[in-house]
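Undergrad: Got upload32.cif for you, mmCIF, C-alpha atoms:
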data_structure
#
loop_
_atom_site.label_atom_id
_atom_site.label_comp_id
_atom_site.auth_asym_id
_atom_site.auth_seq_id
_atom_site.Cartn_x
_atom_site.Cartn_y
_atom_site.Cartn_z
CA MET A 3 67.27 -22.38 27.05
CA ILE A 4 70.38 -24.19 28.18
CA ARG A 5 69.50 -27.86 28.46
CA SER A 6 72.99 -29.31 28.77
CA PHE A 7 76.25 -27.76 29.79
CA PHE A 8 79.81 -29.03 29.65
CA ILE A 9 82.98 -27.43 30.88
CA LEU A 10 86.37 -29.05 30.38
CA ILE A 11 89.56 -27.72 31.86
CA PHE A 12 93.09 -29.05 31.64
CA PHE A 13 96.04 -27.26 33.14
CA THR A 14 99.59 -27.95 34.22
CA LEU A 15 100.06 -27.63 37.93
CA ALA A 16 103.74 -26.74 37.86
CA SER A 17 104.53 -24.14 35.04
CA GLU A 18 93.66 -51.46 26.09
CA SER A 19 96.29 -50.43 28.78
CA SER A 20 99.56 -52.21 29.43
CA GLY A 21 98.42 -52.82 33.00
CA GLN A 22 95.93 -51.75 35.63
CA GLN A 23 96.64 -51.51 39.33
CA GLU A 24 94.51 -50.14 42.17
CA ILE A 25 96.54 -48.67 45.00
CA PRO A 26 95.58 -46.94 48.26
CA LEU A 27 95.75 -43.17 48.11
CA TYR A 28 97.07 -42.92 51.66
CA HIS A 29 99.35 -45.09 53.75
CA GLY A 30 98.48 -45.02 57.42
CA SER A 31 95.90 -42.59 58.71
CA ILE A 32 93.59 -40.79 56.29
CA PRO A 33 93.46 -37.02 56.90
CA ASN A 34 90.18 -35.48 57.97
CA SER A 35 88.85 -38.95 58.71
CA LYS A 36 86.99 -40.34 61.69
CA ASP A 37 87.20 -44.00 62.62
CA PRO A 38 86.83 -45.69 59.23
CA ILE A 39 83.52 -47.32 58.44
CA ASP A 40 84.05 -49.71 55.55
CA GLU A 41 80.60 -49.91 54.03
CA GLN A 42 81.65 -49.49 50.42
CA GLY A 43 79.39 -51.19 47.93
CA ILE A 44 78.69 -51.35 44.24
CA ILE A 45 75.46 -51.43 42.29
CA TYR A 46 75.60 -53.27 38.99
CA ASN A 47 73.24 -51.70 36.50
CA LYS A 48 73.46 -52.43 32.78
CA GLU A 49 71.75 -49.16 31.84
CA ALA A 50 73.21 -46.77 34.41
CA ASP A 51 76.72 -48.20 34.73
CA ASN A 52 78.46 -49.65 37.78
CA LEU A 53 77.87 -47.31 40.72
CA ILE A 54 80.16 -47.26 43.76
CA TYR A 55 78.87 -45.80 47.03
CA ASN A 56 80.00 -45.26 50.65
CA VAL A 57 83.67 -44.74 49.79
CA SER A 58 85.74 -44.33 52.94
CA GLU A 59 89.14 -45.62 51.74
CA PRO A 60 90.16 -43.74 48.57
CA THR A 61 92.30 -45.30 45.86
CA ILE A 62 93.64 -44.64 42.39
CA SER A 63 93.53 -47.16 39.56
CA VAL A 64 96.53 -46.91 37.27
CA PHE A 65 95.99 -47.19 33.51
CA LEU A 66 99.23 -46.94 31.54
CA PRO A 67 99.64 -46.78 27.76
CA SER A 68 102.12 -49.02 26.01
CA LYS A 69 105.69 -47.84 26.42
CA ASP A 70 106.18 -47.28 22.70
CA ASN A 71 103.09 -45.04 22.62
CA ALA A 72 103.49 -43.12 25.89
CA ASN A 73 104.00 -39.36 25.55
CA GLY A 74 104.55 -38.43 29.21
CA THR A 75 101.17 -36.75 29.77
CA ALA A 76 98.81 -37.97 32.49
CA VAL A 77 95.23 -37.26 33.53
CA ILE A 78 93.47 -37.87 36.85
CA VAL A 79 89.91 -38.92 36.08
CA CYS A 80 87.32 -38.11 38.75
CA PRO A 81 84.05 -39.99 38.07
CA GLY A 82 80.85 -38.03 38.61
CA GLY A 83 77.89 -38.97 40.73
CA GLY A 84 76.72 -35.89 42.60
CA TYR A 85 78.83 -36.72 45.68
CA HIS A 86 76.50 -39.66 46.35
CA ILE A 87 77.94 -42.32 44.06
CA LEU A 88 80.78 -42.77 41.58
CA VAL A 89 79.96 -43.72 38.00
CA ILE A 90 83.11 -45.77 37.85
CA GLY A 91 82.77 -47.30 34.38
CA ARG A 92 81.54 -44.76 31.84
CA GLU A 93 83.06 -41.80 33.67
CA GLY A 94 86.15 -43.59 34.92
CA ARG A 95 87.66 -46.75 33.46
CA ASP A 96 86.25 -46.28 29.96
CA ILE A 97 87.70 -42.77 29.78
CA ALA A 98 91.06 -44.00 31.07
CA ARG A 99 91.29 -46.57 28.29
CA GLU A 100 90.50 -43.92 25.68
CA PHE A 101 93.32 -41.77 27.02
CA ASN A 102 95.68 -44.76 26.85
CA LYS A 103 95.00 -45.03 23.11
CA LEU A 104 96.42 -41.52 22.78
CA GLY A 105 99.55 -42.41 24.74
CA ILE A 106 98.28 -40.70 27.89
CA ALA A 107 98.54 -42.29 31.32
CA ALA A 108 95.26 -42.16 33.26
CA PHE A 109 94.47 -42.52 36.93
CA VAL A 110 90.88 -43.15 38.00
CA LEU A 111 90.34 -41.59 41.42
CA LYS A 112 87.96 -43.36 43.78
CA TYR A 113 87.50 -40.45 46.15
CA ARG A 114 85.66 -40.21 49.45
CA LEU A 115 82.06 -39.13 49.22
CA PRO A 116 80.99 -36.46 51.75
CA ASP A 117 79.61 -38.12 54.85
CA ASP A 118 79.52 -36.87 58.44
CA ARG A 119 79.99 -40.42 59.68
CA ILE A 120 83.49 -40.75 58.24
CA MET A 121 84.74 -37.15 57.93
CA GLN A 122 85.48 -34.38 60.37
CA ASP A 123 84.76 -31.85 57.61
CA LYS A 124 82.87 -33.32 54.68
CA THR A 125 83.17 -30.13 52.62
CA ILE A 126 86.86 -30.71 51.87
CA GLY A 127 87.21 -34.51 51.78
CA PRO A 128 86.96 -35.01 48.00
CA LEU A 129 89.31 -32.07 47.37
CA GLN A 130 91.87 -33.53 49.75
CA ASP A 131 91.79 -36.79 47.84
CA ALA A 132 92.27 -35.02 44.50
CA GLN A 133 95.24 -33.10 45.89
CA LYS A 134 96.76 -36.27 47.32
CA ALA A 135 96.34 -38.04 43.98
CA MET A 136 98.25 -35.24 42.26
CA GLN A 137 101.01 -35.43 44.87
CA LEU A 138 101.28 -39.21 44.61
CA ILE A 139 101.49 -39.21 40.81
CA ARG A 140 104.17 -36.52 40.85
CA GLU A 141 106.18 -38.49 43.38
CA ARG A 142 106.03 -41.64 41.25
CA ALA A 143 106.22 -39.90 37.88
CA SER A 144 109.49 -41.53 36.81
CA GLU A 145 108.15 -44.98 37.70
CA TRP A 146 105.13 -44.44 35.46
CA ASN A 147 107.04 -42.62 32.68
CA ILE A 148 105.20 -39.34 33.30
CA ASP A 149 106.32 -35.74 32.97
CA PRO A 150 105.42 -34.24 36.38
CA HIS A 151 104.68 -30.92 34.64
CA LYS A 152 102.09 -32.51 32.36
CA ILE A 153 99.46 -33.82 34.75
CA GLY A 154 95.87 -32.72 34.29
CA ILE A 155 92.61 -33.48 36.06
CA MET A 156 89.08 -33.93 34.73
CA GLY A 157 85.69 -34.50 36.28
CA PHE A 158 82.05 -34.95 35.44
CA SER A 159 78.69 -33.57 36.59
CA ALA A 160 80.04 -30.07 36.28
CA GLY A 161 76.61 -28.60 35.68
CA ASP A 162 75.66 -30.36 32.14
CA ASP A 163 71.50 -29.71 32.72
CA SER A 164 68.41 -29.48 35.26
CA VAL A 165 70.16 -31.84 37.66
CA VAL A 166 72.99 -29.39 38.37
CA LYS A 167 72.67 -25.68 37.63
CA PRO A 168 74.98 -24.51 34.82
CA GLU A 169 75.51 -21.24 36.68
CA ASN A 170 77.87 -23.07 39.07
CA SER A 171 80.27 -23.90 36.27
CA MET A 172 79.92 -20.44 34.77
CA ILE A 173 81.09 -18.96 38.06
CA PHE A 174 83.98 -21.41 38.11
CA TYR A 175 84.91 -20.50 34.55
CA ASP A 176 84.86 -16.77 35.37
CA ALA A 177 87.09 -17.38 38.39
CA LEU A 178 89.61 -19.27 36.28
CA LYS A 179 89.79 -16.47 33.72
CA LYS A 180 90.19 -13.82 36.42
CA ASN A 181 93.12 -15.77 37.84
CA GLY A 182 94.86 -16.25 34.52
CA VAL A 183 94.09 -19.97 34.08
CA PRO A 184 93.53 -20.86 30.40
CA ALA A 185 90.04 -22.32 30.06
CA GLU A 186 87.34 -23.14 27.53
CA MET A 187 83.62 -23.57 28.05
CA HIS A 188 81.26 -25.42 25.69
CA ILE A 189 77.50 -25.19 25.89
CA TYR A 190 75.15 -27.59 24.10
CA LYS A 191 71.53 -26.95 23.20
CA SER A 192 70.33 -30.43 24.15
CA GLY A 193 71.30 -33.42 26.20
CA GLU A 194 70.91 -34.81 29.68
CA HIS A 195 72.99 -35.35 32.75
CA GLY A 196 76.11 -37.45 32.32
CA PHE A 197 76.23 -37.36 28.50
CA LEU A 198 74.31 -40.60 28.18
CA LYS A 199 73.48 -39.94 24.50
CA GLN A 200 73.86 -36.22 23.76
CA PRO A 201 76.32 -34.83 23.03
CA PRO A 202 77.93 -38.05 21.73
CA PHE A 203 81.22 -39.24 23.17
CA ASP A 204 83.27 -38.50 20.06
CA GLU A 205 82.08 -34.89 20.08
CA TRP A 206 82.99 -33.89 23.62
CA PHE A 207 86.05 -36.15 23.92
CA GLY A 208 87.28 -34.80 20.61
CA ARG A 209 87.14 -31.29 22.06
CA CYS A 210 89.09 -32.55 25.06
CA CYS A 211 91.80 -33.95 22.78
CA PHE A 212 91.94 -30.74 20.75
CA TRP A 213 92.36 -28.75 23.97
CA MET A 214 95.31 -30.93 24.96
CA LYS A 215 96.92 -30.73 21.52
CA SER A 216 96.52 -26.97 21.36
CA ASN A 217 98.39 -26.69 24.65
CA ASN A 218 101.18 -29.06 23.49
CA TRP A 219 100.36 -31.75 26.04
CA ILE A 220 99.96 -34.42 23.37
#
What would the structure in this file look like if it were written as structure tokens?
TA:
Amino acid sequence: MIRSFFILIFFTLASESSGQQEIPLYHGSIPNSKDPIDEQGIIYNKEADNLIYNVSEPTISVFLPSKDNANGTAVIVCPGGGYHILVIGREGRDIAREFNKLGIAAFVLKYRLPDDRIMQDKTIGPLQDAQKAMQLIRERASEWNIDPHKIGIMGFSAGDDSVVKPENSMIFYDALKKNGVPAEMHIYKSGEHGFLKQPPFDEWFGRCCFWMKSNNWI
């Protein structure tokens, strides 16, 4: 029985950090947005992490490695939370700092959470923010010492256990393979949602690093 499931995909979309900065994802009007309702909040929980909710104004937080360690690769980190919250620490900032140790620039995306009150079409809001983050990082690649052809994206809550069906990620994996996108899928016999304890961080993050090295991104 599959108790925990993890899928990790990195791909090029065109063939402690030296500084952290949070910047708006959009300047001016936000696409697919109704009149903004700024009700964003955060729940501080020592056991479950810091949880952000009611995001209506998306941002990216910039985590850059030291200049003498930077290798030009970047990753957009999309915290999980089932489209209800964002686990901004464990699945965001902590991951970004680990990437910085490897010379990789990281950008934590605080994306809009689907909500009829703030979106004309809530089914595409988070995707729009991810696409905009990619565009913004490419546009400012030289400023951040990034190769615009070496930008990846990662997310969480892909469909690790009983909270989210693993079949969803299996379908996604099959679609990637059918369309010629290099991908790997790793299945674990035990664990729970969000990788709280199993599999341990070093195990799954190590596989992430190996994936990047095998594709000559680091």
Undergrad: Could you check which of A:Glu145, A:Glu100, A:Asp162, A:Asp131 is closest to Phe207 (chain A), using only C-alpha atoms?
TA: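 Residue with the minimum atom-to-atom distance to Phe207 (chain A): A:Glu100.
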Undergrad: Rank nothing, just name the residue among A:Phe212, A:Phe65, A:Phe109, A:Tyr55 nearest to Val77 (chain A), using all atoms listed in the file.
TA: A:Phe109
Undergrad: Can you find the residues with an atom no farther than 8 Å from (92.2, -49.9, 47.0), counting only C-alpha atoms, and report them as a list in words?
TA: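 The requested residues, written out, are Glu24, Ile25, Pro26, Leu27, Glu59, Pro60, Thr61 and Ile62 of chain A.
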Undergrad: Evaluate the PyMOL selection byres ((chain A and resi 87) around 10) and record the selected residues as an NGL selection string, following the chain and residue labels used in the document.
TA: :A and (43-45 or 52-57 or 81-86 or 88-90 or 113-115)
Undergrad: When distances are computed from only C-alpha atoms, which of A:Gly182, A:Pro202, A:Gly154, A:Pro67 shows the smallest separation from Ala107 (chain A)?
TA: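 Closest residue, counting only C-alpha atoms: A:Pro67.
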Undergrad: Name all residues at most 8 Å from Met121 (chain A) (count all atoms listed in the file; drop same-chain ones fewer than 4 positions away) and give them as a VMD selection string.
TA: chain A and resid 34 to 36 116 to 117 127
Undergrad: What gap, in Å, lies between CA of Glu186 (chain A) and CA of Asn147 (chain A)?
TA: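 Calculated distance between CA of Glu186 (chain A) and CA of Asn147 (chain A) is 28.2 Å.
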Undergrad: Taking 2 positions as the minimum chain separation for residues in the same chain, which residues sit within 10 Å of Leu66 (chain A) when counting only C-alpha atoms? Answer as a PDB file with C-alpha atoms, keeping the file's coordinate frame.
TA:
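And here's around.pdb as it stands now:
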ATOM      1  CA  GLU A  18      93.660 -51.460  26.090  1.00  0.00           C
ATOM      2  CA  SER A  19      96.290 -50.430  28.780  1.00  0.00           C
ATOM      3  CA  SER A  20      99.560 -52.210  29.430  1.00  0.00           C
ATOM      4  CA  GLY A  21      98.420 -52.820  33.000  1.00  0.00           C
ATOM      5  CA  GLN A  22      95.930 -51.750  35.630  1.00  0.00           C
ATOM      6  CA  GLN A  23      96.640 -51.510  39.330  1.00  0.00           C
ATOM      7  CA  SER A  63      93.530 -47.160  39.560  1.00  0.00           C
ATOM      8  CA  VAL A  64      96.530 -46.910  37.270  1.00  0.00           C
ATOM      9  CA  SER A  68     102.120 -49.020  26.010  1.00  0.00           C
ATOM     10  CA  LYS A  69     105.690 -47.840  26.420  1.00  0.00           C
ATOM     11  CA  ASN A  71     103.090 -45.040  22.620  1.00  0.00           C
ATOM     12  CA  ALA A  72     103.490 -43.120  25.890  1.00  0.00           C
ATOM     13  CA  ALA A  76      98.810 -37.970  32.490  1.00  0.00           C
ATOM     14  CA  ALA A  98      91.060 -44.000  31.070  1.00  0.00           C
ATOM     15  CA  ARG A  99      91.290 -46.570  28.290  1.00  0.00           C
ATOM     16  CA  PHE A 101      93.320 -41.770  27.020  1.00  0.00           C
ATOM     17  CA  ASN A 102      95.680 -44.760  26.850  1.00  0.00           C
ATOM     18  CA  LYS A 103      95.000 -45.030  23.110  1.00  0.00           C
ATOM     19  CA  GLY A 105      99.550 -42.410  24.740  1.00  0.00           C
ATOM     20  CA  ILE A 106      98.280 -40.700  27.890  1.00  0.00           C
ATOM     21  CA  ALA A 107      98.540 -42.290  31.320  1.00  0.00           C
ATOM     22  CA  ALA A 108      95.260 -42.160  33.260  1.00  0.00           C
ATOM     23  CA  PHE A 109      94.470 -42.520  36.930  1.00  0.00           C
ATOM     24  CA  TRP A 146     105.130 -44.440  35.460  1.00  0.00           C
ATOM     25  CA  ASN A 147     107.040 -42.620  32.680  1.00  0.00           C
ATOM     26  CA  ILE A 148     105.200 -39.340  33.300  1.00  0.00           C
TER      27      ILE A 148
END
Undergrad: Choose the residue, out of A:Ile120, A:Val165, A:Ile220, A:Leu111, that has the smallest atom-to-atom separation from Ile32 (chain A); count all atoms listed in the file.
TA: A:Ile120
Undergrad: Do you have the CA of Phe197 (chain A)-CA of Asn218 (chain A) distance handy?
TA: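 Separating CA of Phe197 (chain A) from CA of Asn218 (chain A) is a distance of 26.8 Å.
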Undergrad: Would you kindly return, as a PyMOL selection string, each protein, DNA or RNA residue with an atom no farther than 7 Å from any atom of Cys80 (chain A), considering all atoms listed in the file and excluding same-chain residues fewer than 2 positions away?
TA: chain A and resi 78+82+94+110-111+156-158
Undergrad: Taking all atoms listed in the file into account, name the residue in A:Ile153, A:Lys124, A:Pro201, A:Ser31 that is nearest to Ile139 (chain A).
TA: A:Ile153
Undergrad: Using all atoms listed in the file for the distances, tell me which of A:Glu194, A:Glu141, A:Glu93, A:Asp149 is nearest to Val166 (chain A).
TA: A:Glu194
Undergrad: As an exercise, work out the distance from CA of Gln137 (chain A) to CA of Asn73 (chain A) in Å and give it to one decimal place.
TA: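 Computed distance, CA of Gln137 (chain A) to CA of Asn73 (chain A), equals 19.9 Å.
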Undergrad: Counting all atoms listed in the file, which residues sit no farther than 9 Å from the position (91.3, -21.5, 33.1) in the file's frame? I'd like them as a list in words.
TA: Ile11, Phe12, Phe13, Phe174, Tyr175, Asp176, Ala177, Leu178, Lys179, Lys180, Asn181, Gly182, Val183, Pro184, Ala185 and Glu186 of chain A
